[in-house]
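Visitor: To be precise about what I am sending: the file is called run-v1.txt and holds compact mmCIF, C-alpha atoms and all ligand atoms.
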```txt
# COMPACT_ATOMS: atom_id res chain seq x y z
CA MET A 67 -7.22 24.17 -1.60
CA LYS A 68 -3.74 22.67 -1.19
CA ILE A 69 -3.32 19.49 0.85
CA LEU A 70 -0.03 18.13 2.15
CA VAL A 71 0.05 14.32 2.21
CA ILE A 72 2.51 12.71 4.62
CA ASN A 73 3.73 9.13 4.79
CA ALA A 74 5.92 8.94 7.89
CA GLY A 75 8.09 5.88 8.43
CA SER A 76 10.56 5.25 11.24
CA SER A 77 13.52 6.73 9.33
CA SER A 78 11.88 8.38 6.34
CA MET A 79 9.07 10.77 5.57
CA LYS A 80 7.57 11.09 2.09
CA TYR A 81 5.35 14.01 1.16
CA GLN A 82 3.26 15.39 -1.67
CA LEU A 83 1.60 18.77 -1.90
CA ILE A 84 -1.54 18.40 -3.99
CA ASP A 85 -3.54 21.27 -5.49
CA MET A 86 -7.12 20.05 -5.16
CA THR A 87 -8.46 22.39 -7.85
CA ASP A 88 -7.07 20.03 -10.49
CA GLU A 89 -5.62 17.29 -8.20
CA SER A 90 -2.12 17.97 -9.54
CA VAL A 91 1.03 17.29 -7.54
CA ILE A 92 2.78 20.63 -7.16
CA ALA A 93 5.68 19.34 -5.05
CA LYS A 94 6.86 16.07 -3.62
CA GLY A 95 9.84 14.68 -1.84
CA ASN A 96 11.37 12.42 0.74
CA CYS A 97 13.28 12.90 3.98
CA GLU A 98 15.51 9.84 4.29
CA ARG A 99 17.80 8.52 7.03
CA ILE A 100 16.05 10.54 9.77
CA GLY A 101 17.98 10.01 13.02
CA ALA A 102 20.98 8.56 11.18
CA GLY A 103 22.45 11.42 9.20
CA GLY A 104 19.85 12.64 6.75
CA HIS A 105 19.15 13.08 3.05
CA PHE A 106 16.49 15.36 1.64
CA LYS A 107 15.01 15.37 -1.84
CA HIS A 108 12.38 17.75 -3.13
CA SER A 109 10.99 18.26 -6.61
CA THR A 110 8.29 20.49 -8.02
CA GLY A 111 5.58 19.83 -10.56
CA ASP A 112 7.33 22.20 -12.99
CA GLY A 113 10.57 20.24 -12.84
CA ARG A 114 12.78 22.01 -10.29
CA VAL A 115 14.78 19.63 -8.09
CA TYR A 116 16.59 20.21 -4.81
CA GLU A 117 18.62 17.44 -3.17
CA THR A 118 21.01 17.61 -0.25
CA ASP A 119 22.53 15.76 2.69
CA VAL A 120 21.24 17.47 5.81
CA VAL A 121 21.11 16.30 9.41
CA MET A 122 17.58 15.48 10.55
CA ASN A 123 17.63 14.13 14.09
CA ASN A 124 13.91 13.54 14.30
CA HIS A 125 10.62 13.96 12.47
CA THR A 126 10.23 17.55 13.66
CA GLU A 127 13.51 18.47 11.97
CA ALA A 128 12.34 16.66 8.85
CA PHE A 129 9.13 18.72 8.85
CA VAL A 130 11.22 21.89 9.07
CA GLN A 131 13.04 20.80 5.89
CA ILE A 132 9.71 20.20 4.14
CA LYS A 133 8.36 23.57 5.27
CA ASN A 134 11.52 25.41 4.14
CA ALA A 135 11.50 23.67 0.77
CA LEU A 136 7.83 24.48 0.15
CA LEU A 137 8.47 28.15 1.00
CA SER A 138 11.88 28.49 -0.68
CA GLU A 139 12.28 31.24 -3.29
CA GLU A 140 14.30 29.00 -5.58
CA TYR A 141 12.42 25.73 -5.46
CA GLY A 142 9.35 26.53 -3.41
CA VAL A 143 5.71 26.33 -4.51
CA ILE A 144 3.90 28.53 -1.97
CA LYS A 145 4.42 32.01 -0.56
CA ASN A 146 2.84 31.46 2.84
CA LEU A 147 2.38 28.42 5.02
CA ASP A 148 -1.32 29.20 5.38
CA GLU A 149 -1.71 28.17 1.73
CA VAL A 150 -1.51 24.59 3.07
CA SER A 151 -5.13 24.07 4.11
CA ALA A 152 -4.69 20.69 5.78
CA VAL A 153 -2.37 17.73 6.20
CA GLY A 154 -3.38 14.11 5.55
CA HIS A 155 -1.35 11.30 7.07
CA ARG A 156 -1.15 7.70 5.93
CA ILE A 157 -1.54 5.34 8.91
CA VAL A 158 -0.81 1.64 8.46
CA GLN A 159 -2.78 0.10 11.32
CA GLY A 160 -6.24 1.32 12.33
CA GLY A 161 -7.16 -1.93 14.07
CA ALA A 162 -10.81 -2.33 14.98
CA LEU A 163 -10.84 1.29 16.23
CA PHE A 164 -10.86 3.10 12.87
CA SER A 165 -13.02 2.01 9.97
CA LYS A 166 -12.75 5.34 8.16
CA SER A 167 -10.59 8.45 7.92
CA VAL A 168 -10.91 10.96 10.77
CA ILE A 169 -9.71 14.41 11.82
CA VAL A 170 -6.82 14.22 14.29
CA THR A 171 -7.61 14.96 17.93
CA GLU A 172 -5.65 14.03 21.05
CA GLU A 173 -8.05 11.08 21.45
CA VAL A 174 -7.32 9.91 17.88
CA ILE A 175 -3.56 10.10 18.53
CA LYS A 176 -4.05 8.02 21.68
CA GLY A 177 -6.06 5.50 19.65
CA ILE A 178 -3.26 5.18 17.07
CA GLU A 179 -0.76 4.82 19.92
CA SER A 180 -2.84 2.07 21.50
CA LEU A 181 -2.43 0.10 18.26
CA ILE A 182 1.39 0.29 18.34
CA PRO A 183 1.66 -3.33 19.60
CA LEU A 184 -0.05 -4.45 16.36
CA ALA A 185 2.29 -2.41 14.10
CA PRO A 186 5.28 -1.40 16.23
CA LEU A 187 7.45 0.28 13.59
CA HIS A 188 4.71 1.89 11.55
CA ASN A 189 2.24 3.30 14.05
CA ALA A 190 4.96 4.64 16.35
CA ALA A 191 6.47 6.52 13.39
CA HIS A 192 3.07 7.83 12.29
CA VAL A 193 2.46 9.30 15.75
CA GLN A 194 5.87 10.99 15.58
CA GLY A 195 4.88 12.39 12.19
CA ILE A 196 1.54 13.74 13.46
CA ARG A 197 3.11 15.39 16.50
CA ALA A 198 5.98 16.84 14.47
CA CYS A 199 3.48 18.30 11.99
CA LEU A 200 1.59 19.92 14.85
CA GLU A 201 4.84 21.45 16.14
CA VAL A 202 6.00 22.86 12.80
CA PHE A 203 2.69 23.76 11.09
CA GLY A 204 0.80 24.76 14.26
CA LYS A 205 -2.60 23.70 15.52
CA ASP A 206 -4.54 25.84 13.04
CA VAL A 207 -3.66 23.48 10.19
CA PRO A 208 -6.08 20.55 10.53
CA GLU A 209 -4.63 17.05 10.28
CA VAL A 210 -6.48 13.99 9.01
CA VAL A 211 -5.51 10.33 9.29
CA VAL A 212 -6.26 7.75 6.58
CA PHE A 213 -5.83 4.08 7.47
CA ASP A 214 -4.45 1.25 5.30
CA THR A 215 -6.74 -1.15 7.12
CA ALA A 216 -9.98 0.84 6.93
CA PHE A 217 -11.25 -0.36 3.53
CA HIS A 218 -10.98 -3.96 4.78
CA SER A 219 -13.04 -3.35 7.92
CA THR A 220 -16.14 -4.74 6.18
CA MET A 221 -14.75 -8.30 6.16
CA PRO A 222 -16.98 -10.82 7.94
CA PRO A 223 -15.61 -12.70 10.99
CA LYS A 224 -15.25 -15.92 8.98
CA ALA A 225 -12.65 -14.10 6.87
CA PHE A 226 -10.82 -12.34 9.69
CA ILE A 227 -10.76 -14.77 12.62
CA TYR A 228 -7.72 -17.08 12.75
CA PRO A 229 -8.30 -20.64 13.93
CA VAL A 230 -6.08 -20.27 17.02
CA PRO A 231 -7.72 -20.31 20.49
CA TYR A 232 -10.37 -17.56 20.46
CA GLU A 233 -8.93 -16.00 23.63
CA TYR A 234 -6.07 -14.47 21.59
CA TYR A 235 -8.57 -12.53 19.51
CA GLU A 236 -10.26 -11.35 22.70
CA LYS A 237 -7.04 -10.64 24.62
CA TYR A 238 -4.78 -9.20 21.92
CA ALA A 239 -7.06 -8.47 18.95
CA VAL A 240 -5.14 -11.05 16.90
CA ARG A 241 -7.07 -11.27 13.61
CA ARG A 242 -6.76 -10.50 9.90
CA TYR A 243 -6.80 -6.75 9.25
CA GLY A 244 -5.43 -6.48 5.72
CA PHE A 245 -3.34 -3.62 4.30
CA HIS A 246 -2.98 -1.50 1.14
CA GLY A 247 -6.67 -0.65 1.72
CA THR A 248 -6.27 2.86 0.33
CA SER A 249 -4.85 1.43 -2.89
CA HIS A 250 -7.53 -1.28 -3.23
CA ARG A 251 -10.15 1.40 -2.59
CA TYR A 252 -8.71 3.74 -5.25
CA VAL A 253 -8.37 1.15 -8.00
CA SER A 254 -11.72 -0.51 -7.30
CA HIS A 255 -13.57 2.81 -7.56
CA ARG A 256 -11.58 3.79 -10.64
CA CYS A 257 -12.34 0.40 -12.22
CA ALA A 258 -16.06 0.91 -11.59
CA GLU A 259 -15.77 4.33 -13.28
CA LEU A 260 -14.01 2.80 -16.29
CA MET A 261 -16.71 0.13 -16.51
CA GLY A 262 -19.43 2.77 -16.21
CA LYS A 263 -21.08 0.86 -13.39
CA ASP A 264 -21.68 1.15 -9.67
CA LEU A 265 -19.01 -0.65 -7.63
CA LYS A 266 -21.89 -2.31 -5.75
CA ASP A 267 -22.81 -4.18 -8.94
CA ILE A 268 -19.34 -5.57 -9.71
CA LYS A 269 -17.68 -8.69 -8.30
CA MET A 270 -14.07 -7.59 -8.35
CA ILE A 271 -10.61 -8.88 -7.49
CA THR A 272 -7.92 -6.22 -7.06
CA CYS A 273 -4.26 -7.29 -7.19
CA HIS A 274 -1.82 -4.80 -5.63
CA LEU A 275 1.55 -6.25 -6.65
CA GLY A 276 4.57 -4.27 -5.49
CA ASN A 277 7.39 -4.80 -3.07
CA GLY A 278 4.60 -5.73 -0.73
CA SER A 279 1.63 -7.39 -2.40
CA SER A 280 -1.97 -8.09 -1.50
CA ILE A 281 -5.07 -9.31 -3.27
CA THR A 282 -8.61 -8.32 -2.28
CA ALA A 283 -12.10 -9.65 -3.05
CA ILE A 284 -14.84 -7.01 -3.33
CA LYS A 285 -18.59 -7.67 -3.51
CA ASP A 286 -21.58 -5.31 -3.07
CA GLY A 287 -19.03 -2.49 -2.90
CA LYS A 288 -17.36 -4.00 0.17
CA VAL A 289 -14.20 -5.97 0.88
CA ILE A 290 -15.12 -9.52 1.82
CA ASP A 291 -11.59 -10.92 2.04
CA THR A 292 -7.99 -9.86 1.58
CA SER A 293 -4.71 -11.73 1.52
CA MET A 294 -2.66 -9.79 4.09
CA GLY A 295 -3.40 -10.55 7.71
CA LEU A 296 -2.52 -9.41 11.21
CA THR A 297 0.56 -7.92 9.57
CA PRO A 298 1.61 -7.39 5.93
CA LEU A 299 3.47 -10.72 6.01
CA ASP A 300 0.49 -12.90 5.06
CA GLY A 301 -0.79 -13.76 1.59
CA ILE A 302 1.18 -14.03 -1.64
CA MET A 303 4.97 -14.19 -1.79
CA MET A 304 6.58 -10.72 -1.96
CA GLY A 305 9.93 -9.00 -2.54
CA THR A 306 11.42 -10.04 0.79
CA ARG A 307 8.38 -11.46 2.66
CA THR A 308 7.28 -15.07 2.67
CA GLY A 309 3.53 -14.64 2.33
CA SER A 310 1.50 -17.53 3.80
CA LEU A 311 3.29 -20.70 4.82
CA ASP A 312 2.79 -23.66 7.12
CA PRO A 313 3.42 -22.16 10.61
CA SER A 314 5.43 -25.28 11.47
CA VAL A 315 8.08 -24.17 8.99
CA VAL A 316 8.75 -21.28 11.38
CA THR A 317 9.05 -23.35 14.56
CA PHE A 318 11.08 -26.05 12.74
CA ILE A 319 13.69 -23.60 11.37
CA ALA A 320 13.78 -21.67 14.67
CA GLU A 321 14.61 -24.84 16.59
CA LYS A 322 17.18 -26.13 14.09
CA GLU A 323 18.97 -22.78 13.73
CA HIS A 324 18.40 -21.44 17.28
CA ILE A 325 16.72 -18.33 15.94
CA SER A 326 15.07 -15.87 18.32
CA PRO A 327 11.55 -14.51 17.63
CA SER A 328 12.94 -11.14 16.56
CA ASP A 329 15.55 -12.69 14.23
CA MET A 330 12.82 -14.95 12.84
CA ASP A 331 10.73 -11.85 12.20
CA THR A 332 13.65 -10.42 10.17
CA LEU A 333 14.10 -13.71 8.29
CA LEU A 334 10.41 -13.91 7.34
CA ASN A 335 10.02 -10.20 6.50
CA LYS A 336 13.39 -9.19 5.05
CA LYS A 337 15.22 -12.27 3.77
CA SER A 338 12.50 -14.35 2.17
CA GLY A 339 10.22 -14.04 -0.86
CA PHE A 340 11.85 -13.15 -4.19
CA LEU A 341 15.16 -12.45 -2.45
CA GLY A 342 15.17 -15.67 -0.44
CA ILE A 343 14.18 -17.93 -3.34
CA SER A 344 16.22 -16.35 -6.14
CA GLY A 345 19.23 -15.28 -4.09
CA VAL A 346 19.49 -12.49 -6.66
CA SER A 347 17.32 -9.57 -5.55
CA SER A 348 14.01 -8.55 -4.02
CA ASP A 349 13.26 -6.51 -7.12
CA ASP A 350 11.09 -8.11 -9.77
CA ARG A 351 13.05 -6.45 -12.61
CA ASP A 352 16.35 -7.99 -11.42
CA VAL A 353 14.75 -11.38 -10.89
CA CYS A 354 13.18 -11.32 -14.37
CA ALA A 355 16.54 -10.31 -15.91
CA ALA A 356 18.29 -13.16 -14.06
CA ALA A 357 15.58 -15.61 -15.19
CA ASP A 358 16.02 -14.46 -18.80
CA ALA A 359 19.75 -15.10 -18.42
CA GLY A 360 18.99 -18.69 -17.39
CA ASN A 361 19.09 -18.49 -13.56
CA GLU A 362 16.93 -21.43 -12.45
CA ARG A 363 16.13 -20.11 -8.98
CA ALA A 364 15.07 -16.76 -10.42
CA LYS A 365 12.76 -18.68 -12.79
CA LEU A 366 11.38 -20.60 -9.81
CA ALA A 367 10.74 -17.36 -7.86
CA ILE A 368 8.71 -16.01 -10.78
CA GLU A 369 6.77 -19.26 -11.11
CA ILE A 370 5.91 -19.13 -7.40
CA LEU A 371 4.74 -15.51 -7.63
CA GLU A 372 2.49 -16.18 -10.62
CA TYR A 373 1.21 -19.40 -9.03
CA ASP A 374 0.32 -17.52 -5.83
CA ILE A 375 -1.55 -14.81 -7.75
CA LEU A 376 -3.41 -17.49 -9.67
CA LYS A 377 -4.39 -19.36 -6.49
CA TYR A 378 -5.75 -16.22 -4.85
CA ILE A 379 -7.73 -15.21 -7.93
CA GLY A 380 -9.12 -18.76 -8.13
CA SER A 381 -10.13 -18.93 -4.48
CA TYR A 382 -11.56 -15.40 -4.43
CA THR A 383 -13.59 -16.16 -7.55
CA ALA A 384 -15.18 -19.01 -5.57
CA VAL A 385 -15.67 -16.78 -2.53
CA LEU A 386 -17.32 -14.07 -4.67
CA GLY A 387 -19.45 -16.57 -6.56
CA GLY A 388 -17.90 -15.46 -9.85
CA VAL A 389 -15.89 -12.46 -10.94
CA ASP A 390 -16.68 -9.57 -13.29
CA ALA A 391 -13.41 -7.65 -13.13
CA ILE A 392 -9.77 -8.21 -12.21
CA VAL A 393 -7.48 -5.23 -11.61
CA PHE A 394 -3.68 -5.16 -11.57
CA THR A 395 -1.89 -2.30 -9.82
CA ALA A 396 1.35 -1.17 -8.05
CA GLY A 397 4.96 -1.47 -9.30
CA ILE A 398 4.74 -5.04 -10.59
CA GLY A 399 1.03 -5.02 -11.44
CA GLU A 400 1.38 -1.81 -13.45
CA ASN A 401 4.60 -2.68 -15.24
CA GLN A 402 5.38 -6.34 -15.52
CA SER A 403 3.18 -7.47 -18.40
CA SER A 404 4.67 -10.98 -18.49
CA HIS A 405 3.23 -11.87 -15.06
CA ARG A 406 -0.18 -10.53 -16.09
CA GLU A 407 0.01 -12.49 -19.32
CA ASN A 408 0.90 -15.78 -17.64
CA VAL A 409 -1.71 -15.39 -14.89
CA CYS A 410 -4.48 -14.34 -17.29
CA HIS A 411 -3.71 -17.13 -19.78
CA ALA A 412 -3.97 -19.64 -16.95
CA LEU A 413 -7.44 -18.20 -16.19
CA GLU A 414 -8.74 -18.84 -19.71
CA PHE A 415 -10.74 -21.81 -18.37
CA MET A 416 -13.08 -19.33 -16.65
CA GLY A 417 -13.47 -17.06 -19.64
CA VAL A 418 -10.62 -14.61 -19.05
CA LYS A 419 -9.21 -13.48 -22.39
CA ILE A 420 -6.64 -10.73 -22.70
CA ASP A 421 -5.33 -8.91 -25.75
CA ASP A 422 -1.59 -9.65 -25.53
CA GLU A 423 -0.65 -6.49 -27.41
CA LEU A 424 -2.82 -4.25 -25.21
CA ASN A 425 -1.31 -5.99 -22.20
CA ARG A 426 2.25 -5.36 -23.38
CA GLN A 427 1.44 -1.68 -23.96
CA ALA A 428 -0.09 -1.22 -20.48
CA VAL A 429 3.08 -0.17 -18.64
CA ARG A 430 4.68 2.91 -17.07
CA GLY A 431 1.57 4.65 -15.84
CA ALA A 432 -0.80 3.61 -18.63
CA GLU A 433 -4.36 2.94 -17.53
CA GLY A 434 -6.85 0.78 -19.34
CA LYS A 435 -8.58 -2.46 -20.15
CA ILE A 436 -6.40 -5.32 -21.38
CA SER A 437 -9.14 -7.93 -21.86
CA THR A 438 -10.73 -8.61 -25.25
CA PRO A 439 -14.34 -7.48 -25.95
CA ASP A 440 -15.54 -11.11 -25.75
CA SER A 441 -13.76 -11.88 -22.45
CA LYS A 442 -16.22 -13.01 -19.74
CA VAL A 443 -14.14 -11.14 -17.18
CA GLU A 444 -12.90 -7.60 -17.76
CA VAL A 445 -9.23 -7.16 -16.88
CA PHE A 446 -7.71 -3.75 -16.14
CA VAL A 447 -4.34 -2.19 -15.40
CA ILE A 448 -4.92 0.84 -13.15
CA PRO A 449 -2.01 2.84 -11.69
CA THR A 450 -2.71 3.28 -7.99
CA ASN A 451 -2.76 6.69 -6.30
CA GLU A 452 -2.91 6.38 -2.53
CA GLU A 453 -1.79 9.98 -1.98
CA LEU A 454 -4.74 11.29 -3.97
CA VAL A 455 -7.19 9.25 -1.87
CA ILE A 456 -5.60 10.65 1.30
CA ALA A 457 -5.83 14.19 -0.07
CA ARG A 458 -9.48 13.71 -1.12
CA ASP A 459 -10.46 12.29 2.28
CA THR A 460 -8.61 15.10 4.01
CA MET A 461 -10.34 17.78 1.96
CA ALA A 462 -13.79 16.21 2.46
CA LEU A 463 -13.39 15.93 6.24
CA VAL A 464 -11.97 19.42 6.63
CA GLU A 465 -14.75 20.96 4.50
CA ASN A 466 -17.44 19.05 6.41
CA ASN A 467 -15.96 20.22 9.68
CA LYS A 468 -16.08 23.92 8.77
P1 LIG B 1 6.27 -0.59 -2.82
O1 LIG B 1 5.50 -1.77 -2.31
O2 LIG B 1 7.60 -0.40 -2.14
O3 LIG B 1 5.46 0.68 -2.97
P2 LIG B 1 6.23 -0.66 -5.71
O4 LIG B 1 4.76 -0.65 -5.85
O5 LIG B 1 6.99 0.52 -6.18
O6 LIG B 1 6.70 -1.05 -4.26
O7 LIG B 1 6.76 -1.95 -6.49
C1 LIG B 1 8.10 -2.32 -6.56
C2 LIG B 1 8.20 -3.48 -7.52
O8 LIG B 1 7.69 -3.07 -8.79
C3 LIG B 1 9.62 -3.96 -7.74
O9 LIG B 1 9.66 -5.36 -7.66
C4 LIG B 1 9.93 -3.50 -9.15
O10 LIG B 1 10.71 -4.44 -9.83
C5 LIG B 1 8.58 -3.40 -9.80
N1 LIG B 1 8.61 -2.33 -10.80
C6 LIG B 1 8.58 -1.02 -10.56
N2 LIG B 1 8.68 -0.33 -11.72
C7 LIG B 1 8.81 -1.22 -12.71
C8 LIG B 1 8.97 -1.15 -14.13
N3 LIG B 1 9.02 0.02 -14.77
N4 LIG B 1 9.07 -2.31 -14.82
C9 LIG B 1 9.00 -3.50 -14.20
N5 LIG B 1 8.85 -3.62 -12.85
C10 LIG B 1 8.76 -2.51 -12.11
```
If you convert what's in this file into structure tokens, what do you get?
Ligand code: ADP

Guide:
Amino acid sequence: MKILVINAGSSSMKYQLIDMTDESVIAKGNCERIGAGGHFKHSTGDGRVYETDVVMNNHTEAFVQIKNALLSEEYGVIKNLDEVSAVGHRIVQGGALFSKSVIVTEEVIKGIESLIPLAPLHNAAHVQGIRACLEVFGKDVPEVVVFDTAFHSTMPPKAFIYPVPYEYYEKYAVRRYGFHGTSHRYVSHRCAELMGKDLKDIKMITCHLGNGSSITAIKDGKVIDTSMGLTPLDGIMMGTRTGSLDPSVVTFIAEKEHISPSDMDTLLNKKSGFLGISGVSSDDRDVCAAADAGNERAKLAIEILEYDILKYIGSYTAVLGGVDAIVFTAGIGENQSSHRENVCHALEFMGVKIDDELNRQAVRGAEGKISTPDSKVEVFVIPTNEELVIARDTMALVENNK
């Protein structure tokens, strides 16, 4: 069975075609600048690459590019479209409506649409992606939706209710939802496998550290808290996002600088974090290089990031009543051994001990344990694979539905 995994954004659409017999990626690519010109890139598992500027006015036209590439004689990977058994879509916001993956129906699409106010850019684009897929692939190819929020739906109210007047929860569903759930789910299950235990028996903290970052506390196999909130802005400092801050900072700056709510949204989401503090870049590699070259603000940005990670691990250890395993994943978590080293050394007081050499080697897709055999807490680096989770969910739902 071959499953097409789609991640539709407002101006881009990433895809992977996964062969579920061995879970290998047989083709992947990205439609960029949809609605504003267009650039298409496609590559196959056996190393063929096709890249071109091509006008894509909307998501339907982007899907046509994907279809043509998959079927192409030169750089295609299938002979007939019916080789694609199903399509799985990544959906950012499932709200309180969706606590697990589901097969797409008109009612499901309406549900995702009803959540657009909670994730205006993302959910609107996802709906465009689902409808475009239906147009190009036809209604005989089942579609499944997998939600970033779903894994976090087990949080108790004390973790998800914000201490603003309760009416805003009732009126607008303002609460913590959490994101990156598919990634936290993948690495937590993989970590349990590596430990040879049931996830239910492990108190775990998973750190997804990328451009966007979130940290999650898992107990009895369920998420009990996570650092992102109503939107992906909450939690630890990120590439261009603030993470948590005193809300008065927002109103104070808005008044002083006469900034509108939408410009403030841009400031908090796009101009802050690593970029805002360092003034160098949103990318951890650039900031680390600048820090090495003596840039004080770049050094400060790194100190803040590591301090934030440390604070979350500390507070979640308290919330969990101890911790058995800590997992690092995503671009920074999988590659930047210096952050892992500094954070883990600061956790030595609670029995965390890492092997510095193993830690330095755990980069560029390597998976494994970086803690020493006598460490009280096992520490892992596990490359995330959200697309594979989406493909597995899609296959399971489609097979169950037969
Ligand atoms: P996104 O949240 O956009 O999916 P990623 O998970 O790809 O982001 O993470 C991007 C971050 O990971 C960037 O800050 C980048 O510096 C860092 N990163 C990615 N690859 C490497 C690498 N090989 N070495 C060091 N840092 C890396």

Visitor: Can you list every residue of chain A that has an atom at most 7 Å from ligand LIG 1 (chain B), with its nearest atom pair and the distance in Å to one decimal, using only C-alpha atoms and all ligand atoms, ordered by chain then number, as a Markdown table?

Guide:
```
| residue | atom | partner | partner_atom | distance |
| --- | --- | --- | --- | --- |
| A:Leu275 | CA | B:LIG1 | O4 | 6.5 |
| A:Gly276 | CA | B:LIG1 | O7 | 3.3 |
| A:Asn277 | CA | B:LIG1 | O1 | 3.7 |
| A:Gly278 | CA | B:LIG1 | O1 | 4.4 |
| A:Ser279 | CA | B:LIG1 | O1 | 6.8 |
| A:Gly305 | CA | B:LIG1 | O9 | 6.3 |
| A:Ser348 | CA | B:LIG1 | O9 | 6.5 |
| A:Asp349 | CA | B:LIG1 | O9 | 3.8 |
| A:Asp350 | CA | B:LIG1 | O10 | 3.7 |
| A:Arg351 | CA | B:LIG1 | O10 | 4.2 |
| A:Asp352 | CA | B:LIG1 | O10 | 6.9 |
| A:Ala396 | CA | B:LIG1 | O4 | 4.1 |
| A:Gly397 | CA | B:LIG1 | O8 | 3.2 |
| A:Ile398 | CA | B:LIG1 | O8 | 4.0 |
| A:Asn401 | CA | B:LIG1 | N4 | 4.5 |
| A:Gln402 | CA | B:LIG1 | C9 | 4.8 |
| A:Arg430 | CA | B:LIG1 | N3 | 5.7 |
```

Visitor: Counting only C-alpha atoms, which residues come within 12 Å of (13.4, 22.7, -12.9), with the point read in the file's coordinates, and could you list them as a VMD selection string?

Guide: chain A and resid 93 108 to 116 140 to 143

Visitor: Please provide as a ChimeraX atom specification all residues within 7 Å of A:Ala152, with the sequence filter that same-chain residues fewer than 6 positions apart are discarded (counting all atoms listed in the file).

Guide: /A:69-70,207-209

Visitor: Between stretch 113-192 of chain A and stretch 237-258 of chain A, at 8 Å or less, what are the per-residue closest atom pairs and their distances in Å? Count only C-alpha atoms, order by chain and rising residue number, and return it as JSON lines.

Guide:
```
{"residue": "A:Val158", "atom": "CA", "partner": "A:Phe245", "partner_atom": "CA", "distance": 7.2}
{"residue": "A:Gln159", "atom": "CA", "partner": "A:Phe245", "partner_atom": "CA", "distance": 8.0}
{"residue": "A:Gly161", "atom": "CA", "partner": "A:Tyr243", "partner_atom": "CA", "distance": 6.8}
```

Visitor: Which of these, A:Ser78, A:Ser338, A:Asn451, A:Ser90, has the shortest distance to A:Leu299 once you count all atoms listed in the file?

Guide: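 Using all atoms listed in the file, the shortest distance to A:Leu299 belongs to A:Ser338.
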
Visitor: What's the separation between atom CA of A:Asn408 and atom CA of A:Leu260, in Å to one decimal place?

Guide: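 One can read the atom CA of A:Asn408 to atom CA of A:Leu260 distance as 23.9 Å.
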
Visitor: Take every atom of stretch 334-341 of chain A listed in the file, fit an axis-aligned box around them, add 4 Å per side, and give the centre and edge lengths in Å to one decimal as lines of an AutoDock Vina configuration file.

Guide:
```
center_x = 12.6
center_y = -11.8
center_z = 1.6
size_x = 13.2
size_y = 13.2
size_z = 19.5
```

Visitor: At what distance in Å, to one decimal, does atom CA of A:Val193 lie from atom CA of A:Ile178?

Guide: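 Between atom CA of A:Ile178 and atom CA of A:Val193 the gap is 7.2 Å.
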
Visitor: Which one is closest to A:Asp264: A:Ala412, A:Gly104, A:Lys285, A:Tyr234? Count only C-alpha atoms.

Guide: A:Lys285

Visitor: Nearest to A:Pro313 among A:Ala384, A:Ala225, A:Leu265, A:Val230, with distances taken over all atoms listed in the file: which residue is it?

Guide: A:Val230

Visitor: I'd like to know which of A:Arg156, A:Lys176, A:Lys224, A:Lys435 is closest to A:Ile392, using all atoms listed in the file.

Guide: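 Looking at the shortest contact to A:Ile392, the residue is A:Lys435.
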
Visitor: Would you mind reading off the distance between atom CA of A:Phe213 and atom CA of A:Met294, one decimal, in Å?

Guide: 14.6 Å

Visitor: Closest to A:Thr395 among A:Ile281, A:Ile157, A:Ile448, A:Met416, using only C-alpha atoms?

Guide: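 Smallest distance to A:Thr395 is found for A:Ile448.
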
Visitor: Using only C-alpha atoms, find the one residue out of A:Glu236, A:Arg363, A:Tyr378, A:Lys205 that sits nearest to A:Thr282.

Guide: A:Tyr378

Visitor: Kindly extract all protein, DNA and RNA residues lying within 12 Å of the coordinates (-5.3, 2.2, 22.3) given in the file, considering all atoms listed in the file, and supply them as a VMD selection string.

Guide: chain A and resid 159 to 164 172 to 184 189 238 to 239

Visitor: Enumerate, in order of chain and increasing residue number, the residues of stretch 173-289 of chain A with an atom no farther than 12 Å from stretch 119-126 of chain A, each with its shortest atom pair and distance in Å to one decimal, counting all atoms listed in the file, as JSON lines.

Guide:
```
{"residue": "A:Ala190", "atom": "CA", "partner": "A:His125", "partner_atom": "CA", "distance": 11.6}
{"residue": "A:Ala191", "atom": "CA", "partner": "A:His125", "partner_atom": "CA", "distance": 8.6}
{"residue": "A:His192", "atom": "CA", "partner": "A:His125", "partner_atom": "CA", "distance": 9.7}
{"residue": "A:Val193", "atom": "CA", "partner": "A:His125", "partner_atom": "CA", "distance": 10.0}
{"residue": "A:Gln194", "atom": "CA", "partner": "A:His125", "partner_atom": "CA", "distance": 6.4}
{"residue": "A:Gly195", "atom": "CA", "partner": "A:His125", "partner_atom": "CA", "distance": 6.0}
{"residue": "A:Ile196", "atom": "CA", "partner": "A:His125", "partner_atom": "CA", "distance": 9.1}
{"residue": "A:Arg197", "atom": "CA", "partner": "A:Thr126", "partner_atom": "CA", "distance": 8.0}
{"residue": "A:Ala198", "atom": "CA", "partner": "A:Thr126", "partner_atom": "CA", "distance": 4.4}
{"residue": "A:Cys199", "atom": "CA", "partner": "A:Thr126", "partner_atom": "CA", "distance": 7.0}
{"residue": "A:Leu200", "atom": "CA", "partner": "A:Thr126", "partner_atom": "CA", "distance": 9.0}
{"residue": "A:Glu201", "atom": "CA", "partner": "A:Thr126", "partner_atom": "CA", "distance": 7.1}
{"residue": "A:Val202", "atom": "CA", "partner": "A:Thr126", "partner_atom": "CA", "distance": 6.8}
{"residue": "A:Phe203", "atom": "CA", "partner": "A:Thr126", "partner_atom": "CA", "distance": 10.1}
{"residue": "A:Gly204", "atom": "CA", "partner": "A:Thr126", "partner_atom": "CA", "distance": 11.9}
```

Visitor: Applying 9 Å and all atoms listed in the file, which residues near A:Leu463 remain after dropping the ones on its own chain fewer than 2 positions away? List them as a list in words.

Guide: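 Near neighbours after the sequence-gap exclusion: Ser167, Val168, Ile169, Val210, Arg458, Asp459, Thr460, Met461, Glu465, Asn466, Asn467 and Lys468 of chain A.
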